[in-house]
Structure formats: structure tokens, C-alpha cells
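Encoded as C-alpha cells, the structure appears first; notes follow it.
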Amino acid sequence: HCRPANGTNGMQWAEGEAHDRTSIDLPGEQHALAAAVLALNKPTVLFLLNGGMVSVAEELRHAINPPAVVEAFYPGAEGGEALADALFGRTNRWGKMPYSVYTADWAKTNSMLDHDVQHGLGRTYRYYRGSVPLLTPFGHGLSYTTFELAIGEPRGGWTLSTASATALHVSVVLTNVGPREGDEVVQAYFAPLSLAAPGVPNHPIKALWGFERVSDLGSGESATVTFSLGARDLQLSDLNGDLVLAPGKYNVTFENGAGAVAARTVTLTGERVVAEPFPQPAAPAPQARRAPAASGATSGTSAQRRE
């Protein structure tokens, strides 16, 4: 995004190539513009055209007229037409957020140079434990219609083994209970509930292990999405960086990022297994030793060198 540069006829860019932003907040002039528009108390949609994360907490918390927000990123040359089709309901094929968005205040009090996602209150949907809700969570995304989720098969208890490649074939029923046809993305997560000793001390709060998009589901229609859940889908990274299969109980959820959730508990049995060890640096290859040349010998005749 950019803003008029005071005292110039050009534009001052807030982000661009080889130019890092010092804040994830909107520039002050854009806050003022949004406030003036929202004060009119008319239905308002705020389109964000940006590359990196942008916090619009001030707008979303507007006391009288909080807007709808469309995160369009950089939509390209045909973006205007695509956005118009979406805005006016000619299409209903929205996406989901590929990352979590924090409030601007959070970014001001946490070093963006610290790349340890588990440090302090944590970062990303996998580790964030702060009391202040994320402004927009990973996977969030609304629609002009409403969907519900339910788990079909298998019924009863779910069990997997660390010693077996056998997977559970899980059917999830997606139903459009709203007034319009639309697309939806079913997201599959797992969260460790209780792990056998020694456990995995740094395990995430939840982790994505699959997703499927359902297109053009009409009002009142249902579609069945099938996921294959194996022990390897529940692997966790331990303190050594190894990917391990840790026996215990896990909560498996299917979500749409708009409030619909279907959940089941799965038990992983067997011994703890290192499914994929952390890569170790390869040992240097031994260097071949060349025999010393005989006295008076050369590395080749003139003819050989010319060849």
C-alpha cells in the first residue's frame, strides 16, 4: 500500500521490493480516510491490497460501523474484475487466510527479528498463547452462505499404531445451510491431548494436516470429503528436530475457518518412533592423492594439450 508523500507530487510507498515496513499498521492517512468513510454509517467493505501482513484493528473495532474486510493481497491485472465479481455476488469462491494477523500493538511490543515461534507467548496459530485474540486467525475466511460439518465414517473409537502404515479413511459431510451456492475449504487439524512419557515438550497447540476445497455447492446440498489419516499425519518435531510418532491421545478437528467444527479423538498406540531424523551434515569426502610426476616429465605433450 502507498500514501501521498507530504510536500511532494509523488507517492511514498509503505512496502515494496528491498523495503521493509517498520509497522504492520495502516499508514495514518489511511486510518483517517477509513474513519471518515465509516462515520457515514453506510455498509462498507475494506479491500486490502498488500503483500505483507496488515492490521486493521482500528477499523474492525469501529463502534458504529465495523466494515467487512477482503484481503486481496496482489490480485494482478485482472484483479479488479475478479474483486467486483466477488463483491457483487456474481461468484462466491472465497479463500482462507494463509497466516495469522496480529494487532499493530502486538507487533510493536514483540521483536519481529526474533524468529523463534515458541518464544514468549508464541507466534502463528501453532504456538500463539496470548490472552489477546488474533485479529485474523490462520485459516479464517467467510462466505455469502453458511456451512455445517459432520463426521460420517468411521464410527466408534479411532485407533492408529506407530508400527503400521494402515490409515483411517475419514468421511466428512459438508452441508450448505445458507441461501446461496458457494465454495468451501474443509481444513483438518490435530492437537495433542495427552502423550506417553517422555512426550514432546515443544509440541504445537494445533497443526494442519490436510485440506480439501468443495466447489459450487448449492443451497441445501451436501458433499462428502474423504481424508486419509495415518500415524505419519500426527508426527511432531522434538527438541532435536527429529519428526517423531508419539503414542497418546489426539484431538482431530475438521473446520471451515468460519465457525463450523466437527471433532473426534484418535488414540495412537505402540512404541515411540523416530519417523524422520533431523538431517545431519555429511562427512567431507576423502581427497584423492596424486602420484608425484617422474623427473623431467610433463603433464602432457603439446599434441595432447592441443587435443
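By convention in this document, the chains of the C-alpha cells carry letters A, B, ... by their order, each chain's residues are numbered from 1, and ligands are numbered from 1 in the order they are shown.
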(request) Would you list the contacts of Glu181 (chain A) as a PyMOL selection string, taking every protein, DNA or RNA residue within 10 Å and counting only C-alpha atoms, but skipping same-chain residues closer than 4 positions in sequence? (result) chain A and resi 91-93+143-146+176-177+215-221
If you keep C-alpha atoms, can you produce a file of those selected residues as a compact mmCIF listing (two decimals), in the first residue's frame?
# COMPACT_ATOMS: atom_id res chain seq x y z
CA THR A 91 -19.14 -15.54 -7.60
CA ASN A 92 -18.89 -16.96 -4.10
CA ARG A 93 -15.46 -18.58 -4.08
CA SER A 143 -18.68 -16.61 2.65
CA TYR A 144 -22.00 -15.28 1.41
CA THR A 145 -23.53 -18.55 2.60
CA THR A 146 -23.24 -20.78 5.69
CA ASN A 176 -24.62 -25.71 2.67
CA VAL A 177 -27.33 -24.46 5.03
CA SER A 215 -16.73 -26.12 -5.33
CA ASP A 216 -20.17 -24.88 -6.37
CA LEU A 217 -22.17 -26.49 -3.56
CA GLY A 218 -25.77 -25.37 -3.90
CA SER A 219 -28.04 -24.20 -1.11
CA GLY A 220 -29.34 -27.22 0.80
CA GLU A 221 -26.84 -29.59 -0.83
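For region 206-209 of chain A, the set of protein, DNA and RNA residues having any atom at most 9 Å away, when counting only C-alpha atoms and skipping those fewer than 6 positions along the same chain, is Tyr125, Arg126, Tyr127, Gln187, Ala188, Tyr189, Phe190, Ala191, Pro192, Leu229, Asp233, Leu234 and Asn251 of chain A.
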File dump, residues just selected, all heavy atoms, as an mmCIF file, in the first residue's frame:
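Just written: out-v6.cif:
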data_model
loop_
_atom_site.group_PDB
_atom_site.id
_atom_site.type_symbol
_atom_site.label_atom_id
_atom_site.label_comp_id
_atom_site.auth_asym_id
_atom_site.auth_seq_id
_atom_site.Cartn_x
_atom_site.Cartn_y
_atom_site.Cartn_z
ATOM 1 N N TYR A 125 -0.612 -19.690 14.454
ATOM 2 C CA TYR A 125 -1.721 -20.432 15.059
ATOM 3 C C TYR A 125 -1.222 -21.657 15.803
ATOM 4 O O TYR A 125 -1.899 -22.184 16.691
ATOM 5 C CB TYR A 125 -2.718 -20.844 13.969
ATOM 6 C CG TYR A 125 -2.300 -22.071 13.181
ATOM 7 C CD1 TYR A 125 -2.809 -23.328 13.491
ATOM 8 C CD2 TYR A 125 -1.363 -21.982 12.148
ATOM 9 C CE1 TYR A 125 -2.422 -24.459 12.786
ATOM 10 C CE2 TYR A 125 -0.973 -23.103 11.450
ATOM 11 C CZ TYR A 125 -1.502 -24.342 11.773
ATOM 12 O OH TYR A 125 -1.095 -25.460 11.091
ATOM 13 N N ARG A 126 -0.008 -22.132 15.478
ATOM 14 C CA ARG A 126 0.513 -23.351 16.094
ATOM 15 C C ARG A 126 0.975 -23.124 17.537
ATOM 16 O O ARG A 126 0.924 -24.047 18.358
ATOM 17 C CB ARG A 126 1.677 -23.904 15.271
ATOM 18 C CG ARG A 126 1.265 -24.473 13.935
ATOM 19 C CD ARG A 126 2.466 -24.665 13.026
ATOM 20 N NE ARG A 126 3.486 -25.519 13.619
ATOM 21 C CZ ARG A 126 3.536 -26.834 13.483
ATOM 22 N NH1 ARG A 126 2.609 -27.463 12.764
ATOM 23 N NH2 ARG A 126 4.516 -27.535 14.023
ATOM 24 N N TYR A 127 1.417 -21.903 17.860
ATOM 25 C CA TYR A 127 2.030 -21.697 19.172
ATOM 26 C C TYR A 127 1.515 -20.477 19.932
ATOM 27 O O TYR A 127 1.888 -20.278 21.083
ATOM 28 C CB TYR A 127 3.557 -21.564 19.018
ATOM 29 C CG TYR A 127 4.223 -22.833 18.549
ATOM 30 C CD1 TYR A 127 4.617 -22.988 17.223
ATOM 31 C CD2 TYR A 127 4.436 -23.894 19.426
ATOM 32 C CE1 TYR A 127 5.221 -24.160 16.785
ATOM 33 C CE2 TYR A 127 5.042 -25.067 18.997
ATOM 34 C CZ TYR A 127 5.427 -25.187 17.683
ATOM 35 O OH TYR A 127 6.014 -26.352 17.259
ATOM 36 N N GLN A 187 -10.801 -27.860 6.426
ATOM 37 C CA GLN A 187 -9.434 -27.929 6.944
ATOM 38 C C GLN A 187 -9.358 -28.960 8.058
ATOM 39 O O GLN A 187 -10.228 -28.999 8.932
ATOM 40 C CB GLN A 187 -9.020 -26.552 7.481
ATOM 41 C CG GLN A 187 -9.182 -25.427 6.471
ATOM 42 C CD GLN A 187 -9.182 -24.060 7.122
ATOM 43 O OE1 GLN A 187 -8.348 -23.748 7.963
ATOM 44 N NE2 GLN A 187 -10.135 -23.229 6.738
ATOM 45 N N ALA A 188 -8.315 -29.790 8.032
ATOM 46 C CA ALA A 188 -8.135 -30.860 9.017
ATOM 47 C C ALA A 188 -6.944 -30.532 9.920
ATOM 48 O O ALA A 188 -5.837 -30.290 9.426
ATOM 49 C CB ALA A 188 -7.914 -32.195 8.314
ATOM 50 N N TYR A 189 -7.189 -30.525 11.231
ATOM 51 C CA TYR A 189 -6.151 -30.218 12.213
ATOM 52 C C TYR A 189 -6.048 -31.361 13.222
ATOM 53 O O TYR A 189 -6.987 -32.141 13.406
ATOM 54 C CB TYR A 189 -6.487 -28.937 12.986
ATOM 55 C CG TYR A 189 -6.539 -27.679 12.155
ATOM 56 C CD1 TYR A 189 -7.717 -27.292 11.506
ATOM 57 C CD2 TYR A 189 -5.424 -26.860 12.031
ATOM 58 C CE1 TYR A 189 -7.768 -26.127 10.752
ATOM 59 C CE2 TYR A 189 -5.465 -25.697 11.281
ATOM 60 C CZ TYR A 189 -6.635 -25.331 10.648
ATOM 61 O OH TYR A 189 -6.683 -24.179 9.895
ATOM 62 N N PHE A 190 -4.901 -31.428 13.898
ATOM 63 C CA PHE A 190 -4.787 -32.305 15.061
ATOM 64 C C PHE A 190 -4.138 -31.532 16.192
ATOM 65 O O PHE A 190 -3.379 -30.579 15.972
ATOM 66 C CB PHE A 190 -3.996 -33.582 14.746
ATOM 67 C CG PHE A 190 -2.505 -33.402 14.658
ATOM 68 C CD1 PHE A 190 -1.699 -33.526 15.785
ATOM 69 C CD2 PHE A 190 -1.893 -33.134 13.445
ATOM 70 C CE1 PHE A 190 -0.327 -33.366 15.710
ATOM 71 C CE2 PHE A 190 -0.524 -32.981 13.356
ATOM 72 C CZ PHE A 190 0.267 -33.097 14.491
ATOM 73 N N ALA A 191 -4.448 -31.947 17.423
ATOM 74 C CA ALA A 191 -3.887 -31.314 18.612
ATOM 75 C C ALA A 191 -3.596 -32.404 19.644
ATOM 76 O O ALA A 191 -4.496 -33.182 19.978
ATOM 77 C CB ALA A 191 -4.852 -30.289 19.196
ATOM 78 N N PRO A 192 -2.352 -32.503 20.144
ATOM 79 C CA PRO A 192 -2.054 -33.489 21.185
ATOM 80 C C PRO A 192 -2.848 -33.195 22.455
ATOM 81 O O PRO A 192 -2.904 -32.058 22.917
ATOM 82 C CB PRO A 192 -0.547 -33.304 21.417
ATOM 83 C CG PRO A 192 -0.036 -32.633 20.173
ATOM 84 C CD PRO A 192 -1.153 -31.755 19.713
ATOM 85 N N LEU A 229 -6.197 -40.542 7.177
ATOM 86 C CA LEU A 229 -5.463 -40.178 8.387
ATOM 87 C C LEU A 229 -4.597 -41.349 8.824
ATOM 88 O O LEU A 229 -5.120 -42.392 9.239
ATOM 89 C CB LEU A 229 -6.443 -39.786 9.498
ATOM 90 C CG LEU A 229 -5.836 -39.546 10.888
ATOM 91 C CD1 LEU A 229 -4.861 -38.370 10.857
ATOM 92 C CD2 LEU A 229 -6.948 -39.289 11.914
ATOM 93 N N ASP A 233 0.613 -38.632 9.824
ATOM 94 C CA ASP A 233 -0.045 -37.324 9.827
ATOM 95 C C ASP A 233 -0.004 -36.676 11.210
ATOM 96 O O ASP A 233 -0.251 -35.469 11.336
ATOM 97 C CB ASP A 233 -1.497 -37.462 9.362
ATOM 98 C CG ASP A 233 -1.594 -37.871 7.908
ATOM 99 O OD1 ASP A 233 -0.952 -37.217 7.068
ATOM 100 O OD2 ASP A 233 -2.299 -38.855 7.623
ATOM 101 N N LEU A 234 0.280 -37.471 12.257
ATOM 102 C CA LEU A 234 0.319 -36.963 13.631
ATOM 103 C C LEU A 234 1.747 -36.739 14.116
ATOM 104 O O LEU A 234 1.966 -36.544 15.309
ATOM 105 C CB LEU A 234 -0.387 -37.948 14.570
ATOM 106 C CG LEU A 234 -1.831 -38.300 14.213
ATOM 107 C CD1 LEU A 234 -2.374 -39.347 15.184
ATOM 108 C CD2 LEU A 234 -2.719 -37.064 14.220
ATOM 109 N N ASN A 251 -6.664 -34.872 19.537
ATOM 110 C CA ASN A 251 -7.950 -34.352 19.091
ATOM 111 C C ASN A 251 -7.839 -34.009 17.613
ATOM 112 O O ASN A 251 -6.942 -33.260 17.211
ATOM 113 C CB ASN A 251 -8.334 -33.104 19.898
ATOM 114 C CG ASN A 251 -9.764 -32.666 19.629
ATOM 115 O OD1 ASN A 251 -10.655 -33.495 19.533
ATOM 116 N ND2 ASN A 251 -9.982 -31.361 19.522
#
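Each of A:Glu271, A:Asp242, A:Glu153, A:Glu29 was checked against Leu195 (chain A) using only C-alpha atoms; the smallest atom-to-atom distance is that of A:Glu271.
Coordinates place CA of Pro137 (chain A) at a distance of 25.6 Å from CA of Thr224 (chain A).
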(request) Tell me which of A:Asn41, A:Pro204, A:Pro284, A:Thr166 sits closest to Ala63 (chain A), counting only C-alpha atoms. (result) A:Asn41
(request) Name the residues of region 76-203 of chain A that come out as strand (DSSP E) in a backbone DSSP run; write them as a ChimeraX atom specification. (result) /A:147-151,158-161,168-176,182-195
(request) Please return as a PyMOL selection string: the residues of region 34-210 of chain A that backbone DSSP assigns to alpha helix (DSSP H). (result) chain A and resi 34-38+57-60+79-87+104-109+124-127
Give me a file of those residues, with N, CA, C and O atoms, as an mmCIF file, in the first residue's frame.
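What landed in result-v7.cif:
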data_model
loop_
_atom_site.group_PDB
_atom_site.id
_atom_site.type_symbol
_atom_site.label_atom_id
_atom_site.label_comp_id
_atom_site.auth_asym_id
_atom_site.auth_seq_id
_atom_site.Cartn_x
_atom_site.Cartn_y
_atom_site.Cartn_z
ATOM 1 N N ALA A 34 -10.360 5.904 6.319
ATOM 2 C CA ALA A 34 -11.316 4.865 6.701
ATOM 3 C C ALA A 34 -12.282 5.368 7.761
ATOM 4 O O ALA A 34 -13.486 5.092 7.706
ATOM 5 N N ALA A 35 -11.771 6.123 8.734
ATOM 6 C CA ALA A 35 -12.627 6.646 9.795
ATOM 7 C C ALA A 35 -13.690 7.583 9.225
ATOM 8 O O ALA A 35 -14.858 7.563 9.653
ATOM 9 N N ALA A 36 -13.300 8.401 8.255
ATOM 10 C CA ALA A 36 -14.250 9.337 7.659
ATOM 11 C C ALA A 36 -15.341 8.590 6.895
ATOM 12 O O ALA A 36 -16.520 8.952 6.945
ATOM 13 N N VAL A 37 -14.957 7.528 6.190
ATOM 14 C CA VAL A 37 -15.944 6.749 5.434
ATOM 15 C C VAL A 37 -16.865 5.986 6.380
ATOM 16 O O VAL A 37 -18.091 5.973 6.204
ATOM 17 N N LEU A 38 -16.298 5.358 7.408
ATOM 18 C CA LEU A 38 -17.115 4.586 8.341
ATOM 19 C C LEU A 38 -18.069 5.481 9.126
ATOM 20 O O LEU A 38 -19.163 5.041 9.514
ATOM 21 N N ALA A 57 -7.144 -3.371 12.997
ATOM 22 C CA ALA A 57 -7.908 -3.497 14.238
ATOM 23 C C ALA A 57 -8.748 -2.261 14.509
ATOM 24 O O ALA A 57 -9.890 -2.354 14.974
ATOM 25 N N GLU A 58 -8.192 -1.101 14.215
ATOM 26 C CA GLU A 58 -8.913 0.149 14.478
ATOM 27 C C GLU A 58 -10.224 0.190 13.695
ATOM 28 O O GLU A 58 -11.252 0.650 14.203
ATOM 29 N N GLU A 59 -10.216 -0.315 12.462
ATOM 30 C CA GLU A 59 -11.411 -0.315 11.629
ATOM 31 C C GLU A 59 -12.394 -1.411 12.073
ATOM 32 O O GLU A 59 -13.606 -1.175 12.176
ATOM 33 N N LEU A 60 -11.882 -2.593 12.343
ATOM 34 C CA LEU A 60 -12.758 -3.695 12.741
ATOM 35 C C LEU A 60 -13.451 -3.435 14.076
ATOM 36 O O LEU A 60 -14.524 -3.985 14.336
ATOM 37 N N GLY A 79 -7.336 -8.378 -11.404
ATOM 38 C CA GLY A 79 -7.844 -8.353 -10.037
ATOM 39 C C GLY A 79 -9.084 -7.519 -9.848
ATOM 40 O O GLY A 79 -9.992 -7.889 -9.099
ATOM 41 N N GLY A 80 -9.158 -6.391 -10.538
ATOM 42 C CA GLY A 80 -10.310 -5.520 -10.375
ATOM 43 C C GLY A 80 -11.602 -6.205 -10.766
ATOM 44 O O GLY A 80 -12.621 -6.129 -10.065
ATOM 45 N N GLU A 81 -11.584 -6.905 -11.899
ATOM 46 C CA GLU A 81 -12.786 -7.608 -12.352
ATOM 47 C C GLU A 81 -13.134 -8.745 -11.402
ATOM 48 O O GLU A 81 -14.308 -8.961 -11.072
ATOM 49 N N ALA A 82 -12.109 -9.484 -10.939
ATOM 50 C CA ALA A 82 -12.356 -10.595 -10.015
ATOM 51 C C ALA A 82 -12.941 -10.089 -8.701
ATOM 52 O O ALA A 82 -13.872 -10.694 -8.142
ATOM 53 N N LEU A 83 -12.414 -8.972 -8.201
ATOM 54 C CA LEU A 83 -12.921 -8.414 -6.951
ATOM 55 C C LEU A 83 -14.353 -7.916 -7.106
ATOM 56 O O LEU A 83 -15.179 -8.073 -6.200
ATOM 57 N N ALA A 84 -14.654 -7.330 -8.253
ATOM 58 C CA ALA A 84 -16.028 -6.861 -8.492
ATOM 59 C C ALA A 84 -16.997 -8.039 -8.545
ATOM 60 O O ALA A 84 -18.098 -7.984 -7.981
ATOM 61 N N ASP A 85 -16.598 -9.125 -9.206
ATOM 62 C CA ASP A 85 -17.453 -10.312 -9.262
ATOM 63 C C ASP A 85 -17.727 -10.852 -7.866
ATOM 64 O O ASP A 85 -18.859 -11.257 -7.554
ATOM 65 N N ALA A 86 -16.690 -10.862 -7.021
ATOM 66 C CA ALA A 86 -16.859 -11.370 -5.658
ATOM 67 C C ALA A 86 -17.708 -10.426 -4.818
ATOM 68 O O ALA A 86 -18.609 -10.852 -4.090
ATOM 69 N N LEU A 87 -17.430 -9.131 -4.928
ATOM 70 C CA LEU A 87 -18.130 -8.149 -4.098
ATOM 71 C C LEU A 87 -19.624 -8.140 -4.378
ATOM 72 O O LEU A 87 -20.442 -8.090 -3.450
ATOM 73 N N ALA A 104 -1.666 -4.320 15.619
ATOM 74 C CA ALA A 104 -0.472 -3.494 15.458
ATOM 75 C C ALA A 104 0.245 -3.312 16.781
ATOM 76 O O ALA A 104 1.480 -3.250 16.834
ATOM 77 N N ASP A 105 -0.494 -3.227 17.895
ATOM 78 C CA ASP A 105 0.138 -3.073 19.205
ATOM 79 C C ASP A 105 1.000 -4.280 19.548
ATOM 80 O O ASP A 105 2.063 -4.151 20.138
ATOM 81 N N TRP A 106 0.525 -5.488 19.181
ATOM 82 C CA TRP A 106 1.313 -6.688 19.447
ATOM 83 C C TRP A 106 2.654 -6.611 18.734
ATOM 84 O O TRP A 106 3.702 -6.936 19.286
ATOM 85 N N ALA A 107 2.630 -6.196 17.476
ATOM 86 C CA ALA A 107 3.862 -6.129 16.698
ATOM 87 C C ALA A 107 4.821 -5.079 17.243
ATOM 88 O O ALA A 107 6.035 -5.197 17.089
ATOM 89 N N LYS A 108 4.283 -4.058 17.894
ATOM 90 C CA LYS A 108 5.150 -3.018 18.449
ATOM 91 C C LYS A 108 5.857 -3.481 19.706
ATOM 92 O O LYS A 108 6.907 -2.949 20.074
ATOM 93 N N THR A 109 5.296 -4.470 20.403
ATOM 94 C CA THR A 109 5.874 -4.917 21.671
ATOM 95 C C THR A 109 6.586 -6.262 21.548
ATOM 96 O O THR A 109 7.075 -6.789 22.546
ATOM 97 N N THR A 124 2.188 -17.592 15.456
ATOM 98 C CA THR A 124 1.437 -18.394 14.489
ATOM 99 C C THR A 124 0.334 -19.167 15.212
ATOM 100 O O THR A 124 0.339 -19.306 16.438
ATOM 101 N N TYR A 125 -0.612 -19.690 14.454
ATOM 102 C CA TYR A 125 -1.721 -20.432 15.059
ATOM 103 C C TYR A 125 -1.222 -21.657 15.803
ATOM 104 O O TYR A 125 -1.899 -22.184 16.691
ATOM 105 N N ARG A 126 -0.008 -22.132 15.478
ATOM 106 C CA ARG A 126 0.513 -23.351 16.094
ATOM 107 C C ARG A 126 0.975 -23.124 17.537
ATOM 108 O O ARG A 126 0.924 -24.047 18.358
ATOM 109 N N TYR A 127 1.417 -21.903 17.860
ATOM 110 C CA TYR A 127 2.030 -21.697 19.172
ATOM 111 C C TYR A 127 1.515 -20.477 19.932
ATOM 112 O O TYR A 127 1.888 -20.278 21.083
#
(request) For Asp25 (chain A), work out the shell of residues within 8 Å, counting only C-alpha atoms and skipping chain neighbours fewer than 3 positions away, then give it as number ranges by chain. (result) A: 54-56, 103-104
Put those residues in a file: all heavy atoms, as a PDB file, in the first residue's frame.
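result30.pdb was written with the following content:
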ATOM      1  N   VAL A  54      -1.158  -6.891   7.270  1.00  0.00           N
ATOM      2  CA  VAL A  54      -1.676  -5.559   7.589  1.00  0.00           C
ATOM      3  C   VAL A  54      -2.728  -5.696   8.683  1.00  0.00           C
ATOM      4  O   VAL A  54      -3.664  -6.487   8.556  1.00  0.00           O
ATOM      5  CB  VAL A  54      -2.290  -4.864   6.358  1.00  0.00           C
ATOM      6  CG1 VAL A  54      -2.897  -3.522   6.754  1.00  0.00           C
ATOM      7  CG2 VAL A  54      -1.238  -4.657   5.278  1.00  0.00           C
ATOM      8  N   SER A  55      -2.561  -4.911   9.754  1.00  0.00           N
ATOM      9  CA  SER A  55      -3.523  -4.908  10.850  1.00  0.00           C
ATOM     10  C   SER A  55      -4.528  -3.776  10.650  1.00  0.00           C
ATOM     11  O   SER A  55      -4.138  -2.627  10.439  1.00  0.00           O
ATOM     12  CB  SER A  55      -2.791  -4.731  12.183  1.00  0.00           C
ATOM     13  OG  SER A  55      -3.720  -4.568  13.237  1.00  0.00           O
ATOM     14  N   VAL A  56      -5.817  -4.109  10.716  1.00  0.00           N
ATOM     15  CA  VAL A  56      -6.866  -3.097  10.597  1.00  0.00           C
ATOM     16  C   VAL A  56      -7.773  -3.177  11.832  1.00  0.00           C
ATOM     17  O   VAL A  56      -8.993  -3.074  11.727  1.00  0.00           O
ATOM     18  CB  VAL A  56      -7.677  -3.276   9.292  1.00  0.00           C
ATOM     19  CG1 VAL A  56      -6.865  -2.874   8.089  1.00  0.00           C
ATOM     20  CG2 VAL A  56      -8.182  -4.706   9.151  1.00  0.00           C
ATOM     21  N   THR A 103      -2.555  -7.772  16.068  1.00  0.00           N
ATOM     22  CA  THR A 103      -2.847  -6.346  16.177  1.00  0.00           C
ATOM     23  C   THR A 103      -1.552  -5.566  16.031  1.00  0.00           C
ATOM     24  O   THR A 103      -0.464  -6.087  16.288  1.00  0.00           O
ATOM     25  CB  THR A 103      -3.502  -6.013  17.517  1.00  0.00           C
ATOM     26  OG1 THR A 103      -2.579  -6.306  18.571  1.00  0.00           O
ATOM     27  CG2 THR A 103      -4.781  -6.828  17.722  1.00  0.00           C
ATOM     28  N   ALA A 104      -1.666  -4.320  15.619  1.00  0.00           N
ATOM     29  CA  ALA A 104      -0.472  -3.494  15.458  1.00  0.00           C
ATOM     30  C   ALA A 104       0.245  -3.312  16.781  1.00  0.00           C
ATOM     31  O   ALA A 104       1.480  -3.250  16.834  1.00  0.00           O
ATOM     32  CB  ALA A 104      -0.858  -2.144  14.857  1.00  0.00           C
TER      33      ALA A 104
END
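Using only C-alpha atoms, the shortest contact distance between Thr226 (chain A) and any of A:Ala72, A:Val214, A:Leu33, A:Ala39 is found at A:Val214.
Closest to Arg90 (chain A) among A:Gly182, A:Ser23, A:Glu15, A:Ala275 is A:Gly182, based on only C-alpha atoms.
If only C-alpha atoms are the atoms counted, then among A:Pro201, A:Gly257, A:Pro286, A:Pro277 the closest residue to Leu239 (chain A) is A:Pro201.
Remark: for Val244 (chain A), the closest of the candidate residues A:Leu40, A:Leu268, A:Val274, A:Ala260 is A:Val274 (distances computed over only C-alpha atoms).
Excluding Asn256 (chain A) itself and same-chain residues fewer than 6 positions from it, the residues having an atom within 10 Å of it are Lys96, Gly139, His140, Gly141, Leu142, Phe147, Glu148, Leu149, Leu174, Glu184, Val185, Val186, Gln187, Ala188, Phe211, Arg213 and Ala262 of chain A, counting only C-alpha atoms.
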Take the residues that were just selected and, keeping C-alpha atoms, output them as an mmCIF file, in the first residue's frame.
data_model
loop_
_atom_site.group_PDB
_atom_site.id
_atom_site.type_symbol
_atom_site.label_atom_id
_atom_site.label_comp_id
_atom_site.auth_asym_id
_atom_site.auth_seq_id
_atom_site.Cartn_x
_atom_site.Cartn_y
_atom_site.Cartn_z
ATOM 1 C CA LYS A 96 -8.773 -18.725 3.626
ATOM 2 C CA GLY A 139 -7.466 -20.484 8.027
ATOM 3 C CA HIS A 140 -10.166 -17.861 8.646
ATOM 4 C CA GLY A 141 -12.454 -16.916 5.792
ATOM 5 C CA LEU A 142 -16.149 -16.099 5.425
ATOM 6 C CA PHE A 147 -21.844 -24.294 6.009
ATOM 7 C CA GLU A 148 -22.065 -27.068 8.590
ATOM 8 C CA LEU A 149 -19.698 -30.014 9.113
ATOM 9 C CA LEU A 174 -20.195 -30.600 4.313
ATOM 10 C CA GLU A 184 -15.819 -24.002 0.936
ATOM 11 C CA VAL A 185 -12.475 -25.302 2.191
ATOM 12 C CA VAL A 186 -12.556 -28.095 4.777
ATOM 13 C CA GLN A 187 -9.434 -27.929 6.944
ATOM 14 C CA ALA A 188 -8.135 -30.860 9.017
ATOM 15 C CA PHE A 211 -7.481 -29.617 3.472
ATOM 16 C CA ARG A 213 -11.933 -27.487 -1.403
ATOM 17 C CA ALA A 262 -16.501 -31.418 13.800
#
Skip Gly130 (chain A) itself and residues of its chain fewer than 3 positions away, then list as a short mmCIF file (atom, residue, chain, number, x, y, z; two decimals) with N, CA and C atoms, in the first residue's frame all residues within 10 Å of it, counting only C-alpha atoms.
data_model
loop_
_atom_site.label_atom_id
_atom_site.label_comp_id
_atom_site.auth_asym_id
_atom_site.auth_seq_id
_atom_site.Cartn_x
_atom_site.Cartn_y
_atom_site.Cartn_z
N TRP A 106 0.53 -5.49 19.18
CA TRP A 106 1.31 -6.69 19.45
C TRP A 106 2.65 -6.61 18.73
N GLY A 120 8.33 -16.53 24.25
CA GLY A 120 7.32 -15.69 24.89
C GLY A 120 5.93 -16.30 24.80
N LEU A 121 4.98 -15.53 24.28
CA LEU A 121 3.60 -16.02 24.13
C LEU A 121 3.40 -16.82 22.85
N GLY A 122 4.48 -17.00 22.10
CA GLY A 122 4.39 -17.80 20.89
C GLY A 122 3.86 -17.02 19.70
N ARG A 123 4.05 -17.61 18.53
CA ARG A 123 3.58 -17.00 17.29
C ARG A 123 2.93 -18.06 16.40
N TYR A 127 1.42 -21.90 17.86
CA TYR A 127 2.03 -21.70 19.17
C TYR A 127 1.52 -20.48 19.93
N PRO A 133 -6.94 -12.03 21.55
CA PRO A 133 -7.19 -12.86 20.37
C PRO A 133 -6.47 -12.33 19.15
N LEU A 134 -6.08 -13.23 18.27
CA LEU A 134 -5.52 -12.82 16.99
C LEU A 134 -6.56 -12.01 16.23
#
(message) So the first atom is CA of Leu49 (chain A) and the second is CA of Ala14 (chain A); what is the distance between them in Å, to one decimal place?
(response) 11.9 Å
